[in-house]
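For reference, protein39.cif (mmCIF, C-alpha atoms):
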data_query
#
loop_
_atom_site.label_atom_id
_atom_site.label_comp_id
_atom_site.auth_asym_id
_atom_site.auth_seq_id
_atom_site.Cartn_x
_atom_site.Cartn_y
_atom_site.Cartn_z
CA MET A 1 13.09 -19.81 -26.76
CA VAL A 2 11.24 -21.84 -29.38
CA ASN A 3 11.95 -19.60 -32.37
CA PRO A 4 15.77 -19.48 -31.97
CA ILE A 5 15.81 -23.28 -31.55
CA VAL A 6 13.79 -23.69 -34.76
CA ILE A 7 16.12 -21.31 -36.64
CA VAL A 8 19.28 -23.09 -35.45
CA GLY A 9 17.76 -26.49 -36.23
CA VAL A 10 16.78 -25.45 -39.75
CA LEU A 11 20.25 -24.01 -40.39
CA ALA A 12 21.79 -27.30 -39.29
CA VAL A 13 19.62 -29.29 -41.73
CA LEU A 14 20.32 -26.71 -44.44
CA ALA A 15 24.06 -27.18 -43.90
CA VAL A 16 23.62 -30.91 -44.56
CA TYR A 17 22.24 -30.09 -48.01
CA SER A 18 24.60 -27.19 -48.71
CA TRP A 19 26.95 -25.56 -46.24
CA GLN A 20 27.45 -22.76 -48.75
CA LEU A 21 23.76 -21.76 -48.72
CA ALA A 22 23.71 -22.13 -44.93
CA LEU A 23 26.65 -19.71 -44.77
CA VAL A 24 24.79 -17.26 -47.02
CA CYS A 25 21.86 -17.32 -44.57
CA VAL A 26 24.17 -16.79 -41.58
CA VAL A 27 25.94 -13.84 -43.25
CA ILE A 28 22.65 -12.13 -44.10
CA LEU A 29 20.76 -12.93 -40.89
CA GLY A 30 23.74 -12.41 -38.57
CA PRO A 31 23.51 -8.58 -38.39
CA LEU A 32 19.88 -8.97 -37.28
CA VAL A 33 21.00 -10.23 -33.85
CA PRO A 34 22.97 -7.13 -32.69
CA ILE A 35 20.38 -4.82 -34.25
CA LEU A 36 17.55 -6.52 -32.34
CA ARG A 37 19.67 -6.47 -29.19
CA VAL A 38 20.20 -2.71 -29.39
CA LEU A 39 16.52 -2.11 -30.14
CA GLN A 40 15.56 -4.45 -27.29
CA ARG A 41 17.53 -2.44 -24.73
CA ARG A 42 16.08 0.85 -25.90
CA GLN A 43 12.60 -0.62 -26.03
CA LEU A 44 12.93 -1.86 -22.45
CA ARG A 45 13.81 1.65 -21.28
CA ALA A 46 10.86 2.98 -23.27
CA TYR A 47 8.44 0.53 -21.64
CA ASP A 48 9.83 1.36 -18.19
CA GLU A 49 8.97 4.97 -18.97
CA VAL A 50 5.50 3.90 -20.09
CA ARG A 51 4.85 2.10 -16.80
CA THR A 52 6.01 5.14 -14.85
CA ARG A 53 3.77 7.46 -16.85
CA VAL A 54 0.80 5.11 -16.47
CA GLY A 55 1.27 5.24 -12.70
CA GLU A 56 1.37 9.04 -12.76
CA THR A 57 -1.79 9.18 -14.88
CA LEU A 58 -3.65 6.82 -12.56
CA THR A 59 -2.54 8.87 -9.56
CA ALA A 60 -3.80 12.08 -11.14
CA VAL A 61 -7.13 10.48 -12.09
CA SER A 62 -7.57 8.92 -8.62
CA GLU A 63 -6.86 12.19 -6.81
CA SER A 64 -9.23 14.14 -9.04
CA VAL A 65 -12.03 11.61 -8.43
CA MET A 66 -11.47 11.24 -4.68
CA GLY A 67 -11.07 15.00 -4.27
CA ALA A 68 -14.02 15.95 -6.47
CA GLY A 69 -15.82 17.66 -3.59
CA VAL A 70 -12.83 19.83 -2.71
CA ILE A 71 -12.21 20.63 -6.37
CA ARG A 72 -15.79 21.86 -6.81
CA ALA A 73 -15.83 23.72 -3.49
CA TYR A 74 -12.62 25.63 -4.21
CA GLY A 75 -13.16 26.03 -7.94
CA VAL A 76 -9.79 24.52 -8.85
CA GLY A 77 -11.04 22.53 -11.82
CA VAL A 78 -8.75 24.33 -14.27
CA PRO A 79 -5.39 23.43 -12.62
CA VAL A 80 -6.60 19.89 -11.90
CA ARG A 81 -7.69 19.52 -15.52
CA ARG A 82 -4.32 20.90 -16.61
CA ARG A 83 -2.51 18.32 -14.47
CA LEU A 84 -4.65 15.50 -15.90
CA ARG A 85 -3.98 16.68 -19.44
CA SER A 86 -0.25 16.91 -18.77
CA ALA A 87 -0.14 13.41 -17.28
CA SER A 88 -2.08 11.90 -20.19
CA GLN A 89 0.10 13.69 -22.75
CA GLU A 90 3.29 12.44 -21.10
CA GLN A 91 1.88 8.91 -21.15
CA TYR A 92 0.91 9.36 -24.82
CA ARG A 93 4.47 10.41 -25.72
CA ALA A 94 5.93 7.45 -23.86
CA GLU A 95 3.49 5.05 -25.54
CA VAL A 96 4.33 6.43 -29.00
CA THR A 97 8.06 6.08 -28.36
CA ALA A 98 7.66 2.45 -27.25
CA ALA A 99 5.38 1.70 -30.22
CA ALA A 100 7.97 3.19 -32.60
CA TYR A 101 10.50 0.57 -31.53
CA PHE A 102 7.96 -2.20 -32.14
CA ALA A 103 7.10 -0.68 -35.52
CA THR A 104 10.81 -0.87 -36.37
CA MET A 105 11.47 -4.38 -35.03
CA PHE A 106 8.49 -6.11 -36.59
CA PRO A 107 9.17 -5.34 -40.30
CA LEU A 108 12.94 -5.54 -39.75
CA ALA A 109 12.73 -9.29 -39.23
CA ASP A 110 10.61 -9.64 -42.37
CA VAL A 111 13.14 -7.62 -44.40
CA PHE A 112 16.11 -9.74 -43.31
CA GLY A 113 14.12 -12.93 -43.84
CA GLY A 114 13.15 -11.86 -47.35
CA LEU A 115 16.77 -10.95 -48.16
CA ALA A 116 17.94 -14.36 -46.94
CA LEU A 117 15.37 -16.15 -49.10
CA GLY A 118 16.23 -14.10 -52.17
CA ALA A 119 19.96 -14.64 -51.66
CA VAL A 120 19.53 -18.41 -51.34
CA VAL A 121 17.46 -18.56 -54.54
CA ALA A 122 19.96 -16.43 -56.47
CA ALA A 123 23.07 -18.19 -55.14
CA GLY A 124 21.53 -21.61 -55.62
CA ALA A 125 20.51 -20.88 -59.17
CA TRP A 126 23.88 -19.33 -60.10
CA TRP A 127 26.38 -21.53 -58.28
CA GLY A 128 24.23 -24.53 -57.32
CA PRO A 129 25.43 -26.91 -60.06
CA SER A 130 29.09 -26.23 -59.22
CA TRP A 131 28.30 -26.97 -55.56
CA GLY A 132 26.70 -30.28 -56.49
CA LEU A 133 23.10 -29.13 -56.03
CA ASP A 134 20.43 -30.46 -58.35
CA VAL A 135 16.96 -28.98 -58.76
CA GLY A 136 15.44 -31.14 -56.01
CA ALA A 137 18.14 -30.20 -53.48
CA LEU A 138 17.75 -26.51 -54.30
CA ILE A 139 14.00 -26.72 -53.80
CA ALA A 140 14.60 -28.44 -50.46
CA CYS A 141 16.97 -25.62 -49.43
CA ILE A 142 14.41 -22.98 -50.40
CA PHE A 143 11.79 -24.86 -48.39
CA LEU A 144 14.09 -24.90 -45.34
CA VAL A 145 14.73 -21.15 -45.61
CA GLN A 146 10.98 -20.56 -45.76
CA LEU A 147 10.65 -22.55 -42.53
CA MET A 148 12.88 -19.93 -40.88
CA LEU A 149 10.90 -16.94 -42.12
CA SER A 150 7.98 -17.40 -39.71
CA PRO A 151 10.14 -17.70 -36.53
CA ILE A 152 12.26 -14.75 -37.68
CA ALA A 153 9.15 -12.63 -38.26
CA GLU A 154 7.75 -13.62 -34.86
CA LEU A 155 10.93 -12.57 -33.06
CA GLY A 156 10.01 -8.87 -33.26
CA GLU A 157 6.54 -9.46 -31.82
CA VAL A 158 7.84 -11.80 -29.12
CA LEU A 159 10.53 -9.31 -28.08
CA ASN A 160 7.93 -6.54 -27.90
CA ASP A 161 5.66 -8.59 -25.63
CA THR A 162 8.67 -9.64 -23.57
CA GLN A 163 9.78 -6.04 -23.00
CA THR A 164 6.27 -5.09 -21.92
CA ALA A 165 6.19 -7.95 -19.43
CA ILE A 166 9.70 -7.24 -18.12
CA ALA A 167 8.92 -3.55 -17.61
CA GLY A 168 5.87 -4.45 -15.52
CA TRP A 169 7.82 -7.17 -13.76
CA ARG A 170 10.49 -4.66 -12.73
CA LYS A 171 7.88 -2.44 -11.12
CA VAL A 172 6.54 -5.41 -9.17
CA LEU A 173 10.06 -6.40 -8.11
CA ASP A 174 10.72 -2.84 -6.95
CA VAL A 175 7.79 -3.20 -4.56
CA LEU A 176 8.82 -6.68 -3.46
CA ASP A 177 12.36 -5.44 -2.83
CA LEU A 178 11.18 -2.87 -0.30
CA PRO A 179 12.56 -3.92 3.10
CA VAL A 180 10.06 -5.37 5.56
CA GLU A 181 9.77 -2.80 8.33
CA VAL A 182 7.90 -5.04 10.77
CA VAL A 183 9.22 -8.60 10.89
CA GLU A 184 6.78 -10.89 12.68
CA ALA A 185 8.04 -13.27 15.31
CA VAL A 186 7.60 -16.94 14.40
CA PRO A 187 6.15 -18.70 16.30
CA GLY A 188 6.03 -15.78 18.76
CA LEU A 189 4.93 -15.41 22.37
CA ASP A 190 1.45 -15.11 23.85
CA LEU A 191 0.09 -12.13 25.76
CA PRO A 192 -1.73 -12.38 29.10
CA ARG A 193 -5.51 -12.16 29.18
CA GLY A 194 -7.21 -9.09 30.58
CA ALA A 195 -5.85 -5.58 30.96
CA LEU A 196 -2.25 -5.20 29.83
CA SER A 197 0.60 -3.15 31.22
CA VAL A 198 2.77 -1.03 28.92
CA ARG A 199 6.42 -0.14 29.44
CA ALA A 200 8.51 1.95 27.06
CA ASP A 201 12.26 2.11 27.68
CA HIS A 202 14.23 4.87 25.95
CA VAL A 203 12.12 4.61 22.81
CA GLY A 204 13.21 6.54 19.76
CA PHE A 205 11.77 6.55 16.26
CA ALA A 206 12.52 8.18 12.91
CA TYR A 207 10.87 7.62 9.56
CA ARG A 208 13.18 6.53 6.75
CA ASP A 209 15.54 9.33 5.72
CA GLY A 210 13.75 11.69 8.10
CA PRO A 211 14.54 13.47 11.34
CA PRO A 212 13.77 11.84 14.71
CA VAL A 213 10.08 11.88 15.61
CA LEU A 214 10.44 10.36 19.10
CA ARG A 215 13.44 10.83 21.39
CA ASP A 216 14.23 8.80 24.51
CA VAL A 217 10.63 8.15 25.61
CA SER A 218 10.35 6.11 28.80
CA VAL A 219 7.10 5.46 30.63
CA ALA A 220 5.40 2.71 32.66
CA ILE A 221 1.62 2.28 32.42
CA PRO A 222 -0.04 -0.12 34.87
CA PRO A 223 -2.75 -2.51 33.64
CA GLY A 224 -6.29 -1.11 33.62
CA CYS A 225 -5.11 2.50 33.57
CA ALA A 226 -6.89 5.19 31.52
CA VAL A 227 -4.18 7.25 29.84
CA ALA A 228 -4.42 10.43 27.79
CA ILE A 229 -1.61 11.55 25.48
CA VAL A 230 -1.57 15.27 24.77
CA GLY A 231 0.68 17.56 22.80
CA GLU A 232 0.78 19.94 19.89
CA THR A 233 0.54 18.74 16.30
CA GLY A 234 3.80 17.06 15.34
CA SER A 235 4.82 16.33 18.92
CA GLY A 236 4.96 12.56 18.28
CA LYS A 237 1.88 11.41 20.15
CA THR A 238 0.29 9.64 17.16
CA THR A 239 3.60 7.99 16.27
CA PHE A 240 3.88 6.64 19.82
CA ALA A 241 0.38 5.16 19.49
CA LYS A 242 1.41 3.44 16.23
CA LEU A 243 4.39 1.89 17.98
CA LEU A 244 2.12 0.48 20.69
CA CYS A 245 0.08 -1.31 18.00
CA ARG A 246 3.30 -2.30 16.22
CA LEU A 247 2.40 -0.56 13.00
CA ALA A 248 6.10 0.25 13.13
CA ASP A 249 9.05 -0.72 15.32
CA PRO A 250 11.12 1.71 17.39
CA THR A 251 14.46 2.61 15.90
CA ALA A 252 15.82 2.76 19.45
CA GLY A 253 14.74 1.28 22.77
CA SER A 254 11.97 -1.24 23.36
CA ILE A 255 8.28 -1.52 24.20
CA ARG A 256 6.92 -4.24 26.48
CA VAL A 257 3.21 -5.04 26.65
CA GLY A 258 1.99 -7.36 29.36
CA GLY A 259 5.63 -7.90 30.30
CA VAL A 260 6.49 -9.22 26.82
CA GLU A 261 8.75 -7.47 24.31
CA LEU A 262 6.37 -6.37 21.55
CA ARG A 263 8.70 -7.60 18.79
CA GLU A 264 8.47 -11.13 20.21
CA VAL A 265 4.66 -11.29 20.36
CA ALA A 266 2.93 -13.53 17.81
CA ALA A 267 0.96 -11.57 15.22
CA ALA A 268 -2.32 -13.33 16.03
CA GLU A 269 -1.87 -12.60 19.74
CA ARG A 270 -1.15 -8.94 19.07
CA HIS A 271 -4.24 -8.63 16.88
CA ARG A 272 -6.32 -10.23 19.63
CA ALA A 273 -5.01 -8.25 22.58
CA ILE A 274 -4.21 -4.83 21.08
CA ARG A 275 -6.72 -2.84 19.08
CA MET A 276 -6.69 0.69 17.70
CA VAL A 277 -9.68 2.87 16.87
CA PRO A 278 -8.38 5.27 14.18
CA GLN A 279 -9.29 8.90 13.93
CA ASP A 280 -11.41 8.54 10.80
CA GLY A 281 -13.45 5.56 12.04
CA PHE A 282 -12.96 3.77 8.72
CA LEU A 283 -15.87 1.55 7.64
CA PHE A 284 -16.10 -0.86 4.74
CA ASP A 285 -18.87 -0.87 2.17
CA ALA A 286 -21.04 -3.37 4.01
CA THR A 287 -23.70 -3.45 6.72
CA VAL A 288 -23.26 -2.18 10.26
CA GLY A 289 -23.23 -5.76 11.54
CA GLU A 290 -20.60 -6.92 9.06
CA ASN A 291 -18.35 -3.98 9.91
CA VAL A 292 -18.53 -4.73 13.61
CA ARG A 293 -17.96 -8.47 13.09
CA MET A 294 -14.55 -7.65 11.64
CA GLY A 295 -13.50 -7.02 15.21
CA ARG A 296 -13.75 -10.73 15.91
CA PRO A 297 -14.01 -13.03 12.89
CA GLY A 298 -16.56 -15.77 13.48
CA ALA A 299 -18.73 -13.72 15.84
CA SER A 300 -22.50 -14.00 15.41
CA LEU A 301 -24.95 -11.15 14.94
CA ASP A 302 -26.12 -11.78 18.51
CA ASP A 303 -22.56 -11.09 19.67
CA VAL A 304 -22.60 -7.89 17.67
CA ALA A 305 -25.89 -6.79 19.21
CA GLU A 306 -24.51 -7.57 22.66
CA ALA A 307 -21.45 -5.39 21.95
CA PHE A 308 -23.73 -2.44 21.18
CA ALA A 309 -25.77 -3.14 24.31
CA ARG A 310 -22.66 -3.24 26.54
CA LEU A 311 -21.73 0.21 25.28
CA GLY A 312 -25.25 1.54 25.80
CA LEU A 313 -25.71 1.98 22.07
CA ASP A 314 -28.63 -0.39 21.57
CA GLY A 315 -31.04 2.56 21.47
CA TRP A 316 -29.02 4.20 18.72
CA LEU A 317 -28.86 0.89 16.85
CA ASP A 318 -32.65 0.48 17.06
CA GLY A 319 -33.02 3.94 15.54
CA LEU A 320 -31.30 2.87 12.32
CA ALA A 321 -33.54 2.04 9.39
CA ASP A 322 -32.51 -1.64 9.20
CA GLY A 323 -30.64 -2.07 12.46
CA LEU A 324 -27.56 -4.26 12.01
CA ASP A 325 -28.49 -4.73 8.34
CA THR A 326 -28.17 -1.01 7.60
CA GLU A 327 -25.81 -0.40 4.68
CA VAL A 328 -23.11 2.09 5.64
CA GLY A 329 -22.00 2.83 2.07
CA GLU A 330 -18.49 3.34 0.74
CA ARG A 331 -16.21 4.48 3.58
CA GLY A 332 -19.35 4.75 5.73
CA GLU A 333 -20.74 7.71 3.80
CA ASN A 334 -24.34 6.86 4.79
CA LEU A 335 -23.50 7.60 8.44
CA SER A 336 -22.37 10.80 10.11
CA VAL A 337 -18.81 11.14 11.40
CA GLY A 338 -19.95 10.50 14.96
CA GLU A 339 -22.01 7.48 13.96
CA ARG A 340 -19.01 5.97 12.20
CA GLN A 341 -17.11 6.35 15.46
CA LEU A 342 -19.88 4.53 17.32
CA VAL A 343 -19.60 1.59 14.94
CA SER A 344 -15.82 1.61 15.35
CA LEU A 345 -16.16 1.53 19.13
CA ALA A 346 -18.60 -1.39 18.92
CA ARG A 347 -16.08 -3.21 16.72
CA ALA A 348 -13.40 -2.65 19.37
CA GLN A 349 -15.78 -3.84 22.12
CA LEU A 350 -16.49 -7.05 20.24
CA ALA A 351 -12.75 -7.67 19.88
CA ASP A 352 -12.37 -7.36 23.69
CA PRO A 353 -8.69 -6.30 23.68
CA GLY A 354 -6.52 -5.92 26.76
CA LEU A 355 -5.01 -2.70 25.37
CA LEU A 356 -7.15 -0.21 23.48
CA VAL A 357 -5.62 2.75 21.63
CA LEU A 358 -7.95 5.58 20.63
CA ASP A 359 -6.37 7.86 18.04
CA GLU A 360 -8.31 11.11 18.57
CA ALA A 361 -11.50 9.08 18.37
CA THR A 362 -13.64 11.99 19.65
CA SER A 363 -12.06 14.76 17.61
CA ALA A 364 -14.87 15.18 15.07
CA VAL A 365 -18.03 14.10 16.86
CA ASP A 366 -21.29 15.78 15.94
CA PRO A 367 -23.50 17.03 18.82
CA GLU A 368 -26.26 14.49 18.19
CA THR A 369 -24.08 11.53 19.13
CA GLU A 370 -21.61 13.16 21.57
CA ARG A 371 -23.50 11.95 24.64
CA ALA A 372 -23.82 8.40 23.30
CA LEU A 373 -20.14 8.39 22.40
CA SER A 374 -19.05 9.63 25.83
CA THR A 375 -21.05 6.87 27.54
CA ALA A 376 -19.68 4.29 25.12
CA LEU A 377 -16.09 5.37 25.77
CA VAL A 378 -16.52 5.05 29.52
CA ARG A 379 -17.97 1.55 29.21
CA LEU A 380 -15.43 0.53 26.61
CA ALA A 381 -12.58 1.43 28.98
CA GLU A 382 -13.86 -0.85 31.74
CA GLY A 383 -11.53 -3.75 32.50
CA ARG A 384 -8.83 -2.81 30.00
CA THR A 385 -5.93 -0.44 29.54
CA THR A 386 -6.98 2.53 27.45
CA ILE A 387 -4.62 5.02 25.80
CA SER A 388 -6.33 7.99 24.18
CA ILE A 389 -4.67 10.58 21.98
CA ALA A 390 -6.52 13.62 23.28
CA HIS A 391 -7.46 16.25 20.75
CA ARG A 392 -9.57 18.00 23.34
CA LEU A 393 -8.11 18.33 26.81
CA SER A 394 -11.48 17.46 28.35
CA THR A 395 -10.42 13.87 27.68
CA ALA A 396 -7.26 14.43 29.72
CA GLU A 397 -9.26 15.84 32.65
CA SER A 398 -10.88 12.48 33.31
CA ALA A 399 -7.79 10.36 32.66
CA GLU A 400 -5.89 8.62 35.44
CA LEU A 401 -2.56 9.43 33.80
CA VAL A 402 -1.68 12.20 31.36
CA LEU A 403 1.42 11.96 29.15
CA VAL A 404 2.59 15.25 27.68
CA PHE A 405 4.64 15.10 24.48
CA ASP A 406 6.63 18.03 23.09
CA ASP A 407 8.98 17.87 20.11
CA GLY A 408 9.14 14.08 20.26
CA ARG A 409 9.91 13.91 23.97
CA LEU A 410 7.83 12.91 26.98
CA VAL A 411 8.19 16.09 29.03
CA GLU A 412 5.56 15.56 31.74
CA GLU A 413 3.38 12.83 33.20
CA GLY A 414 0.84 12.77 36.02
CA ARG A 415 -2.79 13.53 36.76
CA HIS A 416 -4.56 16.50 35.26
CA ASP A 417 -4.77 18.60 38.42
CA GLU A 418 -1.15 17.87 39.32
CA LEU A 419 0.11 18.97 35.92
CA VAL A 420 -1.98 22.15 35.93
CA ALA A 421 -0.62 23.05 39.38
CA ALA A 422 2.95 22.36 38.23
CA GLY A 423 2.72 25.22 35.72
CA GLY A 424 4.66 23.38 33.01
CA ARG A 425 3.98 22.53 29.38
CA TYR A 426 0.62 20.91 30.13
CA ALA A 427 -0.53 23.99 32.05
CA GLU A 428 0.27 26.09 28.97
CA LEU A 429 -1.71 23.78 26.69
CA TYR A 430 -4.62 23.68 29.13
CA ALA A 431 -4.71 27.45 29.51
CA GLY A 432 -4.76 27.87 25.75
CA TRP A 433 -7.52 25.30 25.37
CA VAL A 434 -9.67 26.88 28.11
CA GLY A 435 -9.22 30.31 26.51
CA ASN A 436 -10.24 29.04 23.08
CA THR A 437 -13.26 27.25 24.56
CA ARG A 438 -14.48 30.40 26.30
CA ARG A 439 -14.07 32.50 23.17
CA SER A 440 -15.96 29.94 21.09
CA THR A 441 -18.89 30.01 23.52
#
Entire entry expressed as structure tokens:
Amino acid sequence: MVNPIVIVGVLAVLAVYSWQLALVCVVILGPLVPILRVLQRRQLRAYDEVRTRVGETLTAVSESVMGAGVIRAYGVGVPVRRRLRSASQEQYRAEVTAAAYFATMFPLADVFGGLALGAVVAAGAWWGPSWGLDVGALIACIFLVQLMLSPIAELGEVLNDTQTAIAGWRKVLDVLDLPVEVVEAVPGLDLPRGALSVRADHVGFAYRDGPPVLRDVSVAIPPGCAVAIVGETGSGKTTFAKLLCRLADPTAGSIRVGGVELREVAAAERHRAIRMVPQDGFLFDATVGENVRMGRPGASLDDVAEAFARLGLDGWLDGLADGLDTEVGERGENLSVGERQLVSLARAQLADPGLLVLDEATSAVDPETERALSTALVRLAEGRTTISIAHRLSTAESAELVLVFDDGRLVEEGRHDELVAAGGRYAELYAGWVGNTRRST
């Protein structure tokens, strides 16, 4: 903005001294505007390509680092290295193309500026006396033209920096323009204290541009009930659990928790009353105590220790090298899979939700902690509604209510023994699970 204003201002002053020399400058510098405009558009497309290629390179590098163990185990270093090399070469080509436009724009402004200065000197010396210019006025005109040379030269550099910024800005705007899938209610309604009921009425869900994942699911779960959701992979059981925590909204039907439509619940209330223990038991790179305190911000270490004690895990906690101060490492790598689940359950206990969703929380438990985890799960379920996505049907055997999903539909519901006697879909799953268990033993 500054440089064009300076150029226009200098031309105006130059016209006061000699409109003829001002016209010479306009004629020579005028073609620079459309040329820079064309280069600017092409440069913007080039920098958009650069940003895209940078993202692809970072993705390739991130996957190769995060998957280093798998790469070594399967000996796939060559194709991974080939992909990295391809991504870096594509980024290199894009960077060179964008730099070529800058290399053209930067000297172009200097060339036109030099031509304008030379033309003013020549025209002033040849026709100046007939235009009424004396030596002093001509020197003043040359001085004014020189004042324009610096802004003109800077235009190429400024345009280059601007295109870089705009290309990055567009990528940010693309993210910001993504539609908000879960719109929070403001101010929102509160949820009752204690165990919460759950009611789903004709719930359907489909991911964007994808086929339906859930179809016409209707179920009523009383407060304090222990529920197990079973079904084959891809049956929709995990998606239903996500809807209960409002990680997404149904595309059809409604879900009521504690008698309140879930869309109308205030975000803070939902975070307080509904908690989910994910399958991987994700832990942050901090101590055991700090990870558990995330379940209830502001809780003391005594509250954390009490949460472990309520779950019968105080003995396991005492066995750690530094107790609550034990560092878990990045993603909890210093603990076993089962131990990470124990910490996740303690975090859920500290939060004291009315509805607890366990997403296959016992699917990868090592034998050393299986007994502690089973005891903790029983105690954790006391006084609250618990919905478990059962990877192993032994979880369904002890549940008060079993929900059977198949191809996105709720096909059966009831107690374990009732469903086995009915000889339906659950009986088939149970028979297959029992057969696999016997063969494995």
Distance CA of Leu247 (chain A)-CA of Ser344 (chain A), one decimal place?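 A separation of 18.5 Å between them.
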Counting all atoms listed in the file, I want the residues whose atoms come within 10 Å of (-10.9, -6.8, 15.8) in the file frame, returned as an MDAnalysis selection string. chainID A and resid 271:277 291:297 344 346:353
Requested write-out: C-alpha atoms of the selected residues, as a PDB file, keeping the file's coordinate frame:
ATOM      1  CA  HIS A 271      -4.240  -8.630  16.880  1.00  0.00           C
ATOM      2  CA  ARG A 272      -6.320 -10.230  19.630  1.00  0.00           C
ATOM      3  CA  ALA A 273      -5.010  -8.250  22.580  1.00  0.00           C
ATOM      4  CA  ILE A 274      -4.210  -4.830  21.080  1.00  0.00           C
ATOM      5  CA  ARG A 275      -6.720  -2.840  19.080  1.00  0.00           C
ATOM      6  CA  MET A 276      -6.690   0.690  17.700  1.00  0.00           C
ATOM      7  CA  VAL A 277      -9.680   2.870  16.870  1.00  0.00           C
ATOM      8  CA  ASN A 291     -18.350  -3.980   9.910  1.00  0.00           C
ATOM      9  CA  VAL A 292     -18.530  -4.730  13.610  1.00  0.00           C
ATOM     10  CA  ARG A 293     -17.960  -8.470  13.090  1.00  0.00           C
ATOM     11  CA  MET A 294     -14.550  -7.650  11.640  1.00  0.00           C
ATOM     12  CA  GLY A 295     -13.500  -7.020  15.210  1.00  0.00           C
ATOM     13  CA  ARG A 296     -13.750 -10.730  15.910  1.00  0.00           C
ATOM     14  CA  PRO A 297     -14.010 -13.030  12.890  1.00  0.00           C
ATOM     15  CA  SER A 344     -15.820   1.610  15.350  1.00  0.00           C
ATOM     16  CA  ALA A 346     -18.600  -1.390  18.920  1.00  0.00           C
ATOM     17  CA  ARG A 347     -16.080  -3.210  16.720  1.00  0.00           C
ATOM     18  CA  ALA A 348     -13.400  -2.650  19.370  1.00  0.00           C
ATOM     19  CA  GLN A 349     -15.780  -3.840  22.120  1.00  0.00           C
ATOM     20  CA  LEU A 350     -16.490  -7.050  20.240  1.00  0.00           C
ATOM     21  CA  ALA A 351     -12.750  -7.670  19.880  1.00  0.00           C
ATOM     22  CA  ASP A 352     -12.370  -7.360  23.690  1.00  0.00           C
ATOM     23  CA  PRO A 353      -8.690  -6.300  23.680  1.00  0.00           C
TER      24      PRO A 353
END
Given the file above and the PyMOL selection byres ((chain A and resi 184) around 7), which residues are selected, and can you give them as JSON, numbers by chain? {"A": [182, 183, 185, 186, 266, 267]}
May I ask which of the residues A:Leu32, A:Arg83, A:Arg41, A:Leu149 is the closest one to Thr59 (chain A), counting only C-alpha atoms?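 Of A:Leu32, A:Arg83, A:Arg41, A:Leu149, the one nearest Thr59 (chain A), counting only C-alpha atoms, is A:Arg83.
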Edge lengths and centre in Å, axis-aligned, region 47-64 of chain A plus 3 Å each side, as JSON:
{"center_x": 0.3, "center_y": 7.3, "center_z": -14.2, "size_x": 25.1, "size_y": 19.6, "size_z": 20.8}
Can you turn the PyMOL selection byres ((chain A and resi 248) around 12) into a concrete residue list for this file, as number ranges by chain? A: 180-184, 204-208, 238-247, 249-252, 254-255, 262-263
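Compared by their closest atoms to Arg199 (chain A), and using all atoms listed in the file, the residues A:Ala431, A:Val219, A:Val265, A:Val135 rank with A:Val219 nearest.
With only C-alpha atoms as the basis for measurement, A:Arg170 is the residue among A:Arg170, A:Arg93, A:Arg215, A:His416 that approaches Leu44 (chain A) most closely.
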Need to verify the contact set: Ala125 (chain A), 12 Å, all atoms listed in the file, exclusion of same-chain residues closer than 6 positions in sequence. Can you return it as a ChimeraX atom specification? /A:21,118-119,131-139,141-142
When the PyMOL selection byres ((chain A and resi 382-384) around 12) is applied to the file above, which residues end up in the set, as a PyMOL selection string? chain A and resi 192-198+221-227+258+273-275+310-311+348-349+351-357+375-381+385-387
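Using all atoms listed in the file, the smallest distance between any of A:Arg37, A:Leu342, A:Gly114, A:Gln43 and Leu147 (chain A) comes from A:Gly114.
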Some atoms are absent from region 82-90 of chain A, so rebuild N, CA and C atoms and return them as a short mmCIF file (atom, residue, chain, number, x, y, z; two decimals), keeping the file's coordinate frame.
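Now in part20.cif:
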data_model
loop_
_atom_site.label_atom_id
_atom_site.label_comp_id
_atom_site.auth_asym_id
_atom_site.auth_seq_id
_atom_site.Cartn_x
_atom_site.Cartn_y
_atom_site.Cartn_z
N ARG A 82 -5.62 20.71 -15.97
CA ARG A 82 -4.32 20.90 -16.61
C ARG A 82 -3.35 19.79 -16.20
N ARG A 83 -3.39 19.40 -14.93
CA ARG A 83 -2.51 18.32 -14.47
C ARG A 83 -2.89 16.99 -15.13
N LEU A 84 -4.19 16.72 -15.24
CA LEU A 84 -4.65 15.50 -15.90
C LEU A 84 -4.20 15.47 -17.36
N ARG A 85 -4.36 16.61 -18.03
CA ARG A 85 -3.98 16.68 -19.44
C ARG A 85 -2.47 16.47 -19.60
N SER A 86 -1.70 17.07 -18.70
CA SER A 86 -0.25 16.91 -18.77
C SER A 86 0.16 15.46 -18.55
N ALA A 87 -0.47 14.80 -17.56
CA ALA A 87 -0.14 13.41 -17.28
C ALA A 87 -0.49 12.51 -18.45
N SER A 88 -1.67 12.74 -19.06
CA SER A 88 -2.08 11.90 -20.19
C SER A 88 -1.20 12.15 -21.42
N GLN A 89 -0.78 13.40 -21.61
CA GLN A 89 0.10 13.69 -22.75
C GLN A 89 1.47 13.05 -22.57
N GLU A 90 2.00 13.09 -21.35
CA GLU A 90 3.29 12.44 -21.10
C GLU A 90 3.19 10.94 -21.32
#
